[in-house]
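Asks: Following this line is model-v1.cif, made up of mmCIF, C-alpha atoms:
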data_structure
#
loop_
_atom_site.label_atom_id
_atom_site.label_comp_id
_atom_site.auth_asym_id
_atom_site.auth_seq_id
_atom_site.Cartn_x
_atom_site.Cartn_y
_atom_site.Cartn_z
CA MET A 1 53.06 45.74 13.54
CA ALA A 2 56.01 47.49 12.00
CA GLU A 3 54.90 50.93 13.10
CA GLN A 4 54.62 49.78 16.71
CA THR A 5 57.37 49.99 19.25
CA ALA A 6 58.67 46.80 20.78
CA SER A 7 57.10 47.51 24.17
CA GLY A 8 53.81 48.43 22.52
CA TYR A 9 53.88 45.17 20.61
CA ILE A 10 54.53 43.19 23.74
CA GLN A 11 51.84 44.99 25.71
CA HIS A 12 49.37 44.47 22.90
CA HIS A 13 50.10 40.76 22.97
CA LEU A 14 49.55 40.58 26.69
CA GLN A 15 46.17 42.30 26.53
CA ASN A 16 43.01 40.22 26.64
CA LEU A 17 39.91 40.93 24.63
CA THR A 18 37.67 42.04 27.49
CA PHE A 19 33.93 42.30 27.41
CA GLY A 20 32.24 44.16 30.22
CA LYS A 21 30.51 47.30 31.41
CA THR A 22 32.32 50.38 30.14
CA GLN A 23 32.50 53.72 31.91
CA THR A 24 29.52 54.96 29.96
CA GLY A 25 27.39 52.19 31.45
CA ASP A 26 27.00 50.12 28.31
CA TRP A 27 28.23 46.59 27.82
CA GLY A 28 30.98 46.39 25.26
CA PHE A 29 34.56 45.51 24.50
CA ALA A 30 37.39 47.37 26.18
CA HIS A 31 39.69 49.12 23.73
CA THR A 32 42.60 49.79 26.01
CA ALA A 33 44.20 48.12 28.96
CA GLN A 34 43.01 51.03 31.10
CA GLU A 35 39.42 50.51 30.02
CA ALA A 36 39.65 46.79 30.71
CA LYS A 37 40.95 47.48 34.20
CA GLU A 38 38.16 49.90 34.93
CA MET A 39 35.53 47.27 34.13
CA GLY A 40 36.31 45.66 37.47
CA PHE A 41 35.39 42.10 38.31
CA TRP A 42 32.29 41.70 36.18
CA ALA A 43 34.04 41.46 32.85
CA PHE A 44 34.90 38.54 30.69
CA HIS A 45 37.98 37.73 28.70
CA VAL A 46 36.23 36.63 25.56
CA ASP A 47 39.39 35.26 23.94
CA THR A 48 40.29 33.12 26.96
CA LEU A 49 36.81 31.77 27.36
CA GLY A 50 36.28 31.30 23.65
CA TRP A 51 39.47 29.37 23.08
CA SER A 52 39.19 27.27 26.20
CA VAL A 53 35.58 26.34 25.51
CA ALA A 54 36.34 25.62 21.86
CA LEU A 55 39.26 23.40 22.78
CA GLY A 56 37.23 21.77 25.51
CA LEU A 57 34.52 21.02 22.97
CA ILE A 58 37.10 19.56 20.61
CA PHE A 59 38.31 17.31 23.41
CA ILE A 60 34.80 16.31 24.44
CA LEU A 61 33.53 15.66 20.93
CA LEU A 62 36.62 13.79 19.83
CA PHE A 63 36.58 11.53 22.86
CA ARG A 64 32.80 11.15 22.72
CA MET A 65 33.09 10.06 19.09
CA ALA A 66 35.58 7.40 20.07
CA ALA A 67 33.57 6.38 23.13
CA LYS A 68 30.40 5.94 21.12
CA LYS A 69 32.08 3.55 18.75
CA ALA A 70 34.20 1.87 21.41
CA THR A 71 34.35 -1.84 20.85
CA SER A 72 36.20 -4.53 22.65
CA GLY A 73 37.27 -5.85 19.28
CA GLN A 74 39.95 -4.38 17.10
CA PRO A 75 40.14 -0.65 17.83
CA GLY A 76 40.44 1.91 15.08
CA GLY A 77 42.95 4.75 15.01
CA LEU A 78 40.93 7.25 17.02
CA GLN A 79 39.80 4.68 19.54
CA ASN A 80 43.36 3.53 19.91
CA PHE A 81 44.52 7.05 20.68
CA VAL A 82 41.69 7.64 23.13
CA GLU A 83 42.36 4.32 24.79
CA VAL A 84 46.01 5.14 25.20
CA MET A 85 45.12 8.45 26.84
CA ILE A 86 42.51 6.88 29.07
CA GLU A 87 44.76 4.05 30.13
CA PHE A 88 47.56 6.47 30.85
CA VAL A 89 45.31 8.60 33.03
CA ASP A 90 43.73 5.54 34.61
CA THR A 91 47.13 4.17 35.57
CA SER A 92 48.19 7.52 37.01
CA VAL A 93 45.00 7.71 39.04
CA LYS A 94 45.28 4.13 40.27
CA ASP A 95 48.87 4.71 41.30
CA SER A 96 48.15 7.72 43.47
CA PHE A 97 44.47 7.53 44.38
CA HIS A 98 43.38 4.62 46.48
CA GLY A 99 39.85 5.59 47.37
CA ARG A 100 36.76 4.80 45.37
CA ASN A 101 35.50 7.74 43.41
CA LYS A 102 34.09 7.72 39.94
CA LEU A 103 34.81 11.40 39.43
CA ILE A 104 38.57 11.40 39.86
CA ALA A 105 39.65 9.58 36.71
CA PRO A 106 37.42 11.51 34.25
CA LEU A 107 38.39 14.69 36.08
CA ALA A 108 42.06 13.90 35.62
CA LEU A 109 41.52 13.04 31.97
CA THR A 110 39.65 16.28 31.33
CA ILE A 111 42.33 18.30 33.06
CA PHE A 112 45.17 16.62 31.23
CA VAL A 113 43.74 16.81 27.73
CA TRP A 114 42.13 20.20 28.12
CA VAL A 115 45.16 21.87 29.67
CA PHE A 116 47.36 20.21 27.09
CA LEU A 117 45.22 21.52 24.23
CA MET A 118 45.11 25.03 25.69
CA ASN A 119 48.87 24.95 26.18
CA ALA A 120 49.42 23.59 22.70
CA VAL A 121 48.00 26.75 21.17
CA ASP A 122 51.21 28.33 22.42
CA LEU A 123 53.07 26.52 19.65
CA VAL A 124 51.14 28.43 17.01
CA PRO A 125 53.31 31.43 16.04
CA VAL A 126 52.35 34.31 18.31
CA ASP A 127 51.04 36.62 15.60
CA TRP A 128 48.89 34.25 13.62
CA ILE A 129 45.81 34.07 15.78
CA PRO A 130 45.79 37.78 16.77
CA GLN A 131 46.18 38.68 13.08
CA LEU A 132 43.29 36.38 12.28
CA ALA A 133 41.24 38.20 14.91
CA ILE A 134 42.18 41.51 13.30
CA LEU A 135 41.17 40.21 9.87
CA ILE A 136 37.83 38.99 11.13
CA SER A 137 36.95 42.00 13.25
CA GLY A 138 38.50 44.62 10.96
CA ASP A 139 39.77 46.43 14.05
CA HIS A 140 43.54 46.96 13.91
CA HIS A 141 43.92 47.45 17.60
CA ILE A 142 41.84 44.54 18.80
CA PRO A 143 43.73 42.72 21.53
CA PHE A 144 43.61 38.96 21.35
CA ARG A 145 45.36 36.27 23.35
CA ALA A 146 44.96 32.77 22.08
CA VAL A 147 46.61 30.80 24.87
CA SER A 148 44.03 30.47 27.62
CA THR A 149 46.46 29.13 30.19
CA THR A 150 48.50 32.35 30.04
CA ASP A 151 45.47 34.03 31.55
CA PRO A 152 45.53 33.63 35.35
CA ASN A 153 41.74 33.67 35.29
CA ALA A 154 41.68 30.41 33.43
CA THR A 155 44.21 28.59 35.56
CA LEU A 156 42.76 30.00 38.76
CA GLY A 157 39.28 29.04 37.59
CA MET A 158 40.33 25.43 37.21
CA ALA A 159 42.40 25.43 40.39
CA LEU A 160 39.51 26.86 42.41
CA SER A 161 37.21 24.21 40.96
CA VAL A 162 39.67 21.59 42.12
CA PHE A 163 39.85 23.37 45.47
CA ALA A 164 36.08 23.24 45.77
CA LEU A 165 36.24 19.51 45.10
CA ILE A 166 38.98 19.10 47.72
CA ILE A 167 36.81 20.81 50.34
CA PHE A 168 33.69 18.97 49.22
CA TYR A 169 35.30 15.54 49.48
CA SER A 170 37.14 16.41 52.70
CA ILE A 171 33.84 17.21 54.33
CA LYS A 172 32.05 14.31 52.68
CA VAL A 173 34.62 11.74 53.78
CA LYS A 174 35.60 13.08 57.20
CA GLY A 175 32.52 15.06 58.13
CA ILE A 176 32.57 18.72 59.08
CA GLY A 177 34.04 17.89 62.48
CA GLY A 178 36.76 15.80 60.96
CA PHE A 179 37.61 18.48 58.46
CA ILE A 180 37.80 21.17 61.12
CA GLY A 181 39.76 18.83 63.31
CA GLU A 182 42.20 18.26 60.52
CA LEU A 183 42.66 21.99 60.22
CA THR A 184 43.06 22.68 63.91
CA LEU A 185 44.42 19.65 65.76
CA HIS A 186 47.49 19.03 63.64
CA PRO A 187 50.44 19.13 63.41
CA PHE A 188 50.78 20.10 67.07
CA GLY A 189 48.72 18.12 69.50
CA SER A 190 48.67 17.79 73.24
CA LYS A 191 46.84 15.63 75.73
CA ASN A 192 46.45 18.61 78.00
CA ILE A 193 43.26 20.37 76.93
CA ALA A 194 44.42 23.84 77.92
CA VAL A 195 47.59 23.47 75.90
CA GLN A 196 45.58 22.02 73.04
CA ILE A 197 43.33 25.05 72.97
CA LEU A 198 46.37 27.26 72.89
CA LEU A 199 47.76 25.27 70.00
CA ILE A 200 44.62 25.47 67.89
CA PRO A 201 45.31 28.91 66.36
CA VAL A 202 48.87 27.89 65.53
CA ASN A 203 47.68 24.70 63.91
CA PHE A 204 44.94 26.49 62.08
CA LEU A 205 47.35 29.04 60.70
CA LEU A 206 49.71 26.36 59.44
CA GLU A 207 47.03 24.08 58.02
CA PHE A 208 45.03 26.90 56.49
CA VAL A 209 48.07 28.17 54.65
CA THR A 210 48.79 24.63 53.48
CA LEU A 211 45.22 24.23 52.28
CA VAL A 212 45.01 27.56 50.49
CA ALA A 213 48.45 27.12 48.99
CA LYS A 214 47.16 24.13 47.06
CA PRO A 215 44.92 25.91 44.52
CA ILE A 216 47.15 28.96 44.42
CA SER A 217 50.25 26.97 43.62
CA LEU A 218 48.30 24.84 41.18
CA ALA A 219 47.06 27.88 39.31
CA LEU A 220 50.23 29.92 39.45
CA ARG A 221 52.52 27.08 38.43
CA LEU A 222 50.63 26.52 35.19
CA PHE A 223 50.08 30.22 34.60
CA GLY A 224 53.70 31.10 35.32
CA ASN A 225 55.11 28.48 33.03
CA MET A 226 52.82 29.28 30.17
CA TYR A 227 53.07 33.03 30.62
CA ALA A 228 56.85 32.88 30.64
CA GLY A 229 56.85 30.64 27.60
CA GLU A 230 54.48 32.96 25.77
CA LEU A 231 56.61 35.95 26.72
CA VAL A 232 59.72 34.30 25.33
CA PHE A 233 57.87 33.62 22.09
CA ILE A 234 56.80 37.26 21.96
CA LEU A 235 60.33 38.46 22.61
CA ILE A 236 61.61 36.21 19.84
CA ALA A 237 58.89 37.58 17.59
CA VAL A 238 60.10 41.09 18.36
CA MET A 239 63.39 40.09 16.75
CA PHE A 240 61.56 39.52 13.45
CA GLY A 241 60.24 43.05 13.63
CA SER A 242 63.72 44.51 14.05
CA GLY A 243 64.31 44.59 10.30
CA LEU A 244 67.85 43.29 10.72
CA LEU A 245 68.48 40.19 8.67
CA TRP A 246 70.87 38.44 11.07
CA LEU A 247 68.60 39.13 14.03
CA SER A 248 65.62 37.72 12.17
CA GLY A 249 67.65 34.63 11.25
CA LEU A 250 68.63 34.18 14.88
CA GLY A 251 64.98 34.64 15.74
CA VAL A 252 63.94 31.80 13.44
CA ALA A 253 66.47 29.48 15.04
CA LEU A 254 65.46 30.51 18.54
CA GLN A 255 61.78 30.22 17.72
CA TRP A 256 62.32 26.68 16.54
CA ALA A 257 64.47 25.72 19.53
CA TRP A 258 62.06 27.23 22.02
CA ALA A 259 59.08 25.59 20.35
CA VAL A 260 60.75 22.20 20.60
CA PHE A 261 61.54 22.79 24.23
CA HIS A 262 58.02 24.08 24.76
CA ILE A 263 56.50 20.83 23.55
CA LEU A 264 58.02 19.30 26.65
CA ILE A 265 56.79 22.10 28.88
CA ILE A 266 53.18 22.09 27.72
CA THR A 267 52.92 18.33 28.19
CA LEU A 268 54.71 18.41 31.51
CA GLN A 269 52.56 21.23 32.86
CA ALA A 270 49.37 19.48 31.82
CA PHE A 271 50.63 16.32 33.47
CA ILE A 272 51.66 18.14 36.67
CA PHE A 273 48.28 19.85 36.93
CA MET A 274 46.57 16.48 36.56
CA MET A 275 48.89 14.66 38.96
CA LEU A 276 48.61 17.31 41.68
CA THR A 277 44.84 17.30 41.36
CA ILE A 278 44.83 13.55 41.87
CA VAL A 279 47.18 13.80 44.82
CA TYR A 280 45.24 16.62 46.49
CA LEU A 281 41.97 14.77 46.09
CA SER A 282 43.60 11.60 47.34
CA MET A 283 44.68 13.50 50.44
CA ALA A 284 41.15 14.81 50.83
CA HIS A 285 39.89 11.21 50.86
CA GLU A 286 42.34 9.97 53.46
CA ASP A 287 41.05 9.92 56.97
CA ASN A 288 44.13 8.81 58.86
CA HIS A 289 45.78 12.17 59.17
CA MET B 1 45.94 40.62 33.54
CA ASN B 2 42.91 41.43 35.62
CA ILE B 3 41.17 38.89 37.76
CA ASN B 4 37.56 39.02 36.69
CA ALA B 5 34.51 36.94 35.96
CA THR B 6 36.41 34.96 33.38
CA LEU B 7 37.35 32.90 36.41
CA ILE B 8 33.74 31.93 36.98
CA GLY B 9 33.16 31.21 33.31
CA GLN B 10 36.21 28.98 33.23
CA SER B 11 35.07 27.11 36.33
CA VAL B 12 31.61 26.53 34.90
CA ALA B 13 33.04 25.29 31.61
CA PHE B 14 35.43 23.09 33.54
CA PHE B 15 32.68 21.43 35.53
CA ILE B 16 30.54 20.91 32.46
CA PHE B 17 33.38 19.24 30.62
CA VAL B 18 34.28 17.07 33.59
CA LEU B 19 30.69 15.96 34.06
CA PHE B 20 30.28 15.22 30.37
CA CYS B 21 33.50 13.28 30.39
CA MET B 22 32.40 11.34 33.45
CA LYS B 23 28.98 10.51 32.03
CA PHE B 24 29.59 9.95 28.34
CA VAL B 25 33.27 9.41 27.65
CA TRP B 26 34.85 7.49 30.47
CA PRO B 27 32.39 4.62 31.08
CA PRO B 28 32.08 3.27 27.50
CA VAL B 29 35.81 3.37 26.84
CA ILE B 30 36.69 1.77 30.16
CA ALA B 31 33.98 -0.84 29.61
CA ALA B 32 35.41 -1.63 26.18
CA LEU B 33 38.90 -1.85 27.63
CA GLN B 34 37.82 -4.19 30.38
CA GLU B 35 35.85 -6.32 27.98
CA ARG B 36 38.84 -6.58 25.69
CA GLN B 37 41.04 -7.48 28.64
CA LYS B 38 38.63 -10.25 29.51
CA LYS B 39 38.49 -11.41 25.91
CA ILE B 40 42.26 -11.56 25.70
CA ALA B 41 42.46 -13.42 28.99
CA ASP B 42 39.82 -15.87 27.78
CA GLY B 43 41.62 -16.27 24.49
CA LEU B 44 44.91 -17.00 26.20
CA ASP B 45 43.13 -19.43 28.48
CA ALA B 46 41.54 -21.21 25.55
CA ALA B 47 44.88 -21.34 23.77
CA SER B 48 46.64 -22.94 26.71
CA ARG B 49 43.73 -25.33 27.17
CA ALA B 50 43.91 -26.27 23.50
CA ALA B 51 47.64 -26.83 23.80
CA ARG B 52 47.04 -29.12 26.75
CA ASP B 53 44.31 -30.96 24.86
CA LEU B 54 46.63 -31.37 21.93
CA GLU B 55 49.29 -32.82 24.15
CA LEU B 56 46.80 -35.23 25.66
CA ALA B 57 45.61 -36.22 22.21
CA HIS B 58 49.18 -36.83 21.14
CA GLU B 59 49.73 -39.00 24.14
CA LYS B 60 46.51 -40.90 23.48
CA VAL B 61 47.38 -41.41 19.86
CA GLY B 62 50.80 -42.77 20.81
CA GLN B 63 49.25 -45.11 23.30
CA GLN B 64 46.67 -46.34 20.83
CA LEU B 65 49.33 -46.81 18.22
CA ARG B 66 51.40 -48.88 20.61
CA GLU B 67 48.35 -50.94 21.54
CA ALA B 68 47.50 -51.48 17.90
CA LYS B 69 51.03 -52.59 17.17
CA THR B 70 50.98 -55.11 20.01
CA GLN B 71 47.59 -56.36 18.92
CA ALA B 72 48.77 -56.72 15.36
CA ALA B 73 51.85 -58.60 16.50
CA GLU B 74 49.66 -60.87 18.61
CA ILE B 75 47.32 -61.54 15.72
CA ILE B 76 50.20 -62.34 13.41
CA GLU B 77 51.67 -64.64 16.02
CA GLN B 78 48.36 -66.43 16.40
CA ALA B 79 47.94 -66.71 12.66
CA LYS B 80 51.40 -68.20 12.33
CA LYS B 81 50.66 -70.66 15.08
CA ARG B 82 47.39 -71.56 13.47
CA ALA B 83 49.03 -72.00 10.10
CA THR B 84 51.65 -74.37 11.46
CA GLN B 85 48.91 -76.20 13.28
CA ILE B 86 46.87 -76.54 10.08
CA VAL B 87 49.89 -77.72 8.17
CA ASP B 88 50.70 -80.23 10.88
CA GLU B 89 47.15 -81.50 10.94
CA ALA B 90 47.09 -81.83 7.17
CA ARG B 91 50.36 -83.68 7.24
CA ASP B 92 49.05 -86.06 9.91
CA GLN B 93 45.82 -86.63 8.01
CA ALA B 94 47.75 -87.27 4.85
CA ARG B 95 49.95 -89.75 6.58
CA VAL B 96 46.99 -91.55 8.14
CA GLU B 97 45.16 -91.58 4.82
CA GLY B 98 48.25 -92.89 3.07
CA GLU B 99 48.69 -95.64 5.56
CA ARG B 100 45.03 -96.53 5.29
CA LEU B 101 45.25 -96.71 1.50
CA LYS B 102 48.44 -98.70 1.73
CA ALA B 103 46.84 -101.17 4.14
CA GLN B 104 43.81 -101.47 1.92
CA ALA B 105 45.95 -102.12 -1.11
CA GLN B 106 47.97 -104.68 0.77
CA ALA B 107 44.79 -106.41 1.91
CA GLU B 108 43.51 -106.45 -1.64
CA ILE B 109 46.82 -107.83 -2.86
CA GLU B 110 46.70 -110.52 -0.19
CA GLN B 111 43.17 -111.42 -1.04
CA GLU B 112 44.04 -111.61 -4.72
CA LEU B 113 47.06 -113.70 -3.89
CA ASN B 114 44.98 -116.05 -1.79
CA SER B 115 42.33 -116.46 -4.43
CA VAL B 116 44.98 -117.06 -7.09
CA LYS B 117 46.65 -119.53 -4.77
CA ASP B 118 43.30 -121.27 -4.24
CA ALA B 119 42.64 -121.41 -7.97
CA LEU B 120 46.12 -122.69 -8.62
CA ARG B 121 45.74 -125.21 -5.89
CA ALA B 122 42.42 -126.42 -7.38
CA GLN B 123 43.90 -126.62 -10.84
CA LEU B 124 46.94 -128.40 -9.50
CA GLY B 125 44.61 -130.86 -7.74
CA GLY B 126 42.80 -131.49 -11.05
CA LEU B 127 46.09 -131.81 -12.87
CA ALA B 128 47.42 -134.21 -10.29
CA ILE B 129 44.32 -136.38 -10.54
CA SER B 130 44.34 -136.41 -14.31
CA GLY B 131 48.04 -137.18 -14.13
CA ALA B 132 47.41 -139.99 -11.73
CA GLU B 133 44.56 -141.27 -13.91
CA LYS B 134 46.82 -141.36 -16.85
CA ILE B 135 49.46 -143.10 -14.84
CA LEU B 136 47.05 -145.60 -13.37
CA GLY B 137 45.06 -145.92 -16.57
CA ALA B 138 41.90 -146.00 -14.76
CA THR B 139 39.50 -143.48 -13.79
CA ILE B 140 39.50 -142.66 -10.27
CA ASP B 141 36.11 -142.14 -8.89
CA GLN B 142 35.91 -138.48 -8.48
CA ASN B 143 33.63 -138.77 -5.56
CA ALA B 144 35.45 -141.51 -3.83
CA HIS B 145 38.75 -139.80 -3.94
CA ALA B 146 37.65 -136.23 -3.48
CA GLU B 147 38.79 -136.26 0.09
CA LEU B 148 42.14 -137.54 -0.91
CA VAL B 149 42.51 -135.00 -3.70
CA SER B 150 41.60 -132.03 -1.52
CA LYS B 151 44.05 -133.29 1.14
CA LEU B 152 46.64 -133.44 -1.53
CA ALA B 153 45.76 -130.01 -2.83
CA ALA B 154 46.05 -128.61 0.68
CA GLU B 155 49.55 -130.03 0.98
CA ILE B 156 50.84 -128.28 -2.12
#
Write the structure described by the file as structure tokens, please.
Replies:
Amino acid sequence: MAEQTASGYIQHHLQNLTFGKTQTGDWGFAHTAQEAKEMGFWAFHVDTLGWSVALGLIFILLFRMAAKKATSGQPGGLQNFVEVMIEFVDTSVKDSFHGRNKLIAPLALTIFVWVFLMNAVDLVPVDWIPQLAILISGDHHIPFRAVSTTDPNATLGMALSVFALIIFYSIKVKGIGGFIGELTLHPFGSKNIAVQILLIPVNFLLEFVTLVAKPISLALRLFGNMYAGELVFILIAVMFGSGLLWLSGLGVALQWAWAVFHILIITLQAFIFMMLTIVYLSMAHEDNH
Amino acid sequence: MNINATLIGQSVAFFIFVLFCMKFVWPPVIAALQERQKKIADGLDAASRAARDLELAHEKVGQQLREAKTQAAEIIEQAKKRATQIVDEARDQARVEGERLKAQAQAEIEQELNSVKDALRAQLGGLAISGAEKILGATIDQNAHAELVSKLAAEI
């Protein structure tokens, strides 16, 4: 990395490993940011997907292992941990969600643990995983981003899934009429039908923005926090590359301080994502708007 | 930083994980938790029941102990009474027996005395007659004067 400029280093760190259709018409990896952009929509960020699926599998297998051996007797270490997580999520769900839905609690658990794990990769020093990718692939310019939640695709993917669930349960609980009514007859209502008809577009505009803002804010909040955190780590890492001893020393101290602070952020963001999902779905289940 | 199909991949992975979690992770753990909750509740229940039983048993034991003490006291009392009664009876019997023996002895003594008196009287009668014979120098017809002699003997 020493031969790179600081901006080159940063840009390299913010570049995903993209797999898609290249200009020549073949499927392959993009080598530059330009190439990745030209692939259009039908391209995949292999690093994002790979890490998120791997971490998801770790979560699933770890919890499945504990669940298989779950006893009501004395719990072992793993079961204890899993039980603590599940009880924590269960309490959060019971506090905010009053309907009856078997999906909500496991959904919240998956979100919390998965997002937390993806965020936690941020604590690994920024160069380690990309360097590992370079070692494995042998390509010195291979871009690789390890933290899936710094990719808006990942956060938006989850947020849109939650959004789909919001719409699904809204329609399931209130019916299509009820759902449309919720979008168009509030917050302004009138007994006079003519006035009501006039108010419908206004209501729809307001409610539609409210509805769409949910997944967008959900996705962008997580993405923004993690992206900013990652960027700060990268900037601190640039200090190491400066070659100045005092700057590198300052970098070590800052790296440590930011990592400690980041432990709070990654947990908090995972928790917020989970909590908001529960709240949004709870709102979707409530009929008395 | 491009929005692309990664989005779809992430969504699919998300749903798969959620479904797996819902089917295979959540139910067994929650079931175990609920079962343990029930077990603990039952255990606490049993403990409080046992404590109550213990208290009852203590009370019962105390009561039985008190009863036993009273009974023992009663029995001792009765035994004492009986003992004094037996002693009294024995004393009475002894006294009666003593008196009876005394009376018998007295009767025997009397009888002896009477018979000795009779013998003495008879001898005295004989002596008186022989004395009189010697004084008179003649034999008194025993038969003729028997009445007189016995009258005399009776007077002595």
Asks: Just the residues within 10 Å of segment 33-38 of chain A, please, counting only C-alpha atoms, with nothing from its chain fewer than 2 positions along; format it as a list in words.
Replies: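 My list of contacting residues is Gln11, His12, Leu14, Gln15, Asn16, Leu17, Thr18, Phe19, Gly20, Lys21, Thr22, Gln23, Phe29, Ala30, His31, Gly40, Phe41, Ala43, Phe44, His45 and Pro143 of chain A; Met1, Asn2, Ile3 and Asn4 of chain B.
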Asks: With distances taken over only C-alpha atoms, which of B:Ala107, B:Ile16, B:Ala50, B:Met22 is nearest to chain A?
Replies: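 Of all the options, B:Met22 lies closest to chain A.
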Asks: Could you list, as a ChimeraX atom specification, every residue of chain A that has an atom within 6 Å of an atom of chain B, counting all atoms listed in the file?
Replies: /A:41-45,64,67,70-72,106-107,110,153-154,157-158,161
Asks: Neighbouring residues of Arg145 of chain A were defined as those with any atom within 12 Å, considering all atoms listed in the file; residues of the same chain fewer than 6 positions away were excluded. Please report them as a PDB file with C-alpha atoms, in the coordinates of the input.
Replies:
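Final output, selection-v8.pdb:
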ATOM      1  CA  ILE A  10      54.530  43.190  23.740  1.00  0.00           C
ATOM      2  CA  GLN A  11      51.840  44.990  25.710  1.00  0.00           C
ATOM      3  CA  HIS A  12      49.370  44.470  22.900  1.00  0.00           C
ATOM      4  CA  HIS A  13      50.100  40.760  22.970  1.00  0.00           C
ATOM      5  CA  LEU A  14      49.550  40.580  26.690  1.00  0.00           C
ATOM      6  CA  GLN A  15      46.170  42.300  26.530  1.00  0.00           C
ATOM      7  CA  ASN A  16      43.010  40.220  26.640  1.00  0.00           C
ATOM      8  CA  LEU A  17      39.910  40.930  24.630  1.00  0.00           C
ATOM      9  CA  THR A  18      37.670  42.040  27.490  1.00  0.00           C
ATOM     10  CA  HIS A  45      37.980  37.730  28.700  1.00  0.00           C
ATOM     11  CA  VAL A  46      36.230  36.630  25.560  1.00  0.00           C
ATOM     12  CA  ASP A  47      39.390  35.260  23.940  1.00  0.00           C
ATOM     13  CA  THR A  48      40.290  33.120  26.960  1.00  0.00           C
ATOM     14  CA  LEU A  49      36.810  31.770  27.360  1.00  0.00           C
ATOM     15  CA  GLY A  50      36.280  31.300  23.650  1.00  0.00           C
ATOM     16  CA  TRP A  51      39.470  29.370  23.080  1.00  0.00           C
ATOM     17  CA  SER A  52      39.190  27.270  26.200  1.00  0.00           C
ATOM     18  CA  MET A 118      45.110  25.030  25.690  1.00  0.00           C
ATOM     19  CA  VAL A 121      48.000  26.750  21.170  1.00  0.00           C
ATOM     20  CA  ASP A 122      51.210  28.330  22.420  1.00  0.00           C
ATOM     21  CA  VAL A 124      51.140  28.430  17.010  1.00  0.00           C
ATOM     22  CA  PRO A 125      53.310  31.430  16.040  1.00  0.00           C
ATOM     23  CA  VAL A 126      52.350  34.310  18.310  1.00  0.00           C
ATOM     24  CA  ASP A 127      51.040  36.620  15.600  1.00  0.00           C
ATOM     25  CA  TRP A 128      48.890  34.250  13.620  1.00  0.00           C
ATOM     26  CA  ILE A 129      45.810  34.070  15.780  1.00  0.00           C
ATOM     27  CA  PRO A 130      45.790  37.780  16.770  1.00  0.00           C
ATOM     28  CA  GLN A 131      46.180  38.680  13.080  1.00  0.00           C
ATOM     29  CA  LEU A 132      43.290  36.380  12.280  1.00  0.00           C
ATOM     30  CA  ALA A 133      41.240  38.200  14.910  1.00  0.00           C
ATOM     31  CA  ILE A 134      42.180  41.510  13.300  1.00  0.00           C
ATOM     32  CA  ASP A 151      45.470  34.030  31.550  1.00  0.00           C
ATOM     33  CA  TYR A 227      53.070  33.030  30.620  1.00  0.00           C
ATOM     34  CA  GLU A 230      54.480  32.960  25.770  1.00  0.00           C
ATOM     35  CA  LEU A 231      56.610  35.950  26.720  1.00  0.00           C
ATOM     36  CA  ILE A 234      56.800  37.260  21.960  1.00  0.00           C
TER      37      ILE A 234
ATOM     38  CA  MET B   1      45.940  40.620  33.540  1.00  0.00           C
TER      39      MET B   1
END
Asks: For Leu62 of chain A, which residue among A:Trp114, A:Leu235, A:Gly99, A:Ala108 is the nearest when counting all atoms listed in the file?
Replies: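 Distance minimum relative to Leu62 of chain A lands on A:Trp114.
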Asks: The PyMOL selection byres ((chain A and resi 82) around 9) on the file shown: which residues, as a compact mmCIF listing (two decimals) with C-alpha atoms, keeping the file's coordinate frame?
Replies:
# COMPACT_ATOMS: atom_id res chain seq x y z
CA LEU A 62 36.62 13.79 19.83
CA PHE A 63 36.58 11.53 22.86
CA ALA A 66 35.58 7.40 20.07
CA ALA A 67 33.57 6.38 23.13
CA GLY A 77 42.95 4.75 15.01
CA LEU A 78 40.93 7.25 17.02
CA GLN A 79 39.80 4.68 19.54
CA ASN A 80 43.36 3.53 19.91
CA PHE A 81 44.52 7.05 20.68
CA GLU A 83 42.36 4.32 24.79
CA VAL A 84 46.01 5.14 25.20
CA MET A 85 45.12 8.45 26.84
CA ILE A 86 42.51 6.88 29.07
CA GLU A 87 44.76 4.05 30.13
CA VAL B 29 35.81 3.37 26.84
Asks: Please expand the PyMOL selection byres ((chain A and resi 284) around 10) into the concrete residues it hits in this file, giving the result as a list in words.
Replies: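 Going through the file, the PyMOL selection byres ((chain A and resi 284) around 10) ends up selecting Gly99, Leu165, Ile166, Ile167, Phe168, Tyr169, Ser170, Ile171, Lys172, Val173, Lys174, Phe179, Ile278, Val279, Tyr280, Leu281, Ser282, Met283, His285, Glu286, Asp287 and His289 of chain A.
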Asks: Take atom CA of Ala159 of chain A and atom CA of Thr267 of chain A and report the distance between them in Å, one decimal.
Replies: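 Taking atom CA of Ala159 of chain A and atom CA of Thr267 of chain A, their separation equals 17.6 Å.
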Asks: Enclose the full set of atoms of segment 198-217 of chain A listed in the file within a box whose edges lie along x, y and z, apply 4 Å of padding to each of the six sides, and report centre and edge lengths in Å to one decimal as AutoDock Vina command-line options.
Replies:
--center_x 47.4 --center_y 26.6 --center_z 58.3 --size_x 13.6 --size_y 13.0 --size_z 37.3
Asks: Atom CA of Ser115 of chain B and atom CA of His145 of chain B, how far apart in Å?
Replies: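 One can read the atom CA of His145 of chain B to atom CA of Ser115 of chain B distance as 23.6 Å.
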Asks: Between atom CA of Phe208 of chain A and atom CA of Leu183 of chain A, what distance in Å does the model show, to one decimal?
Replies: 6.6 Å
Asks: Restricting the calculation to all atoms listed in the file: of A:Met274, A:Val115, A:Ile180, A:Leu57, which residue gets closest to Ser148 of chain A?
Replies: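 Among A:Met274, A:Val115, A:Ile180, A:Leu57, it is A:Val115 that comes nearest to Ser148 of chain A.
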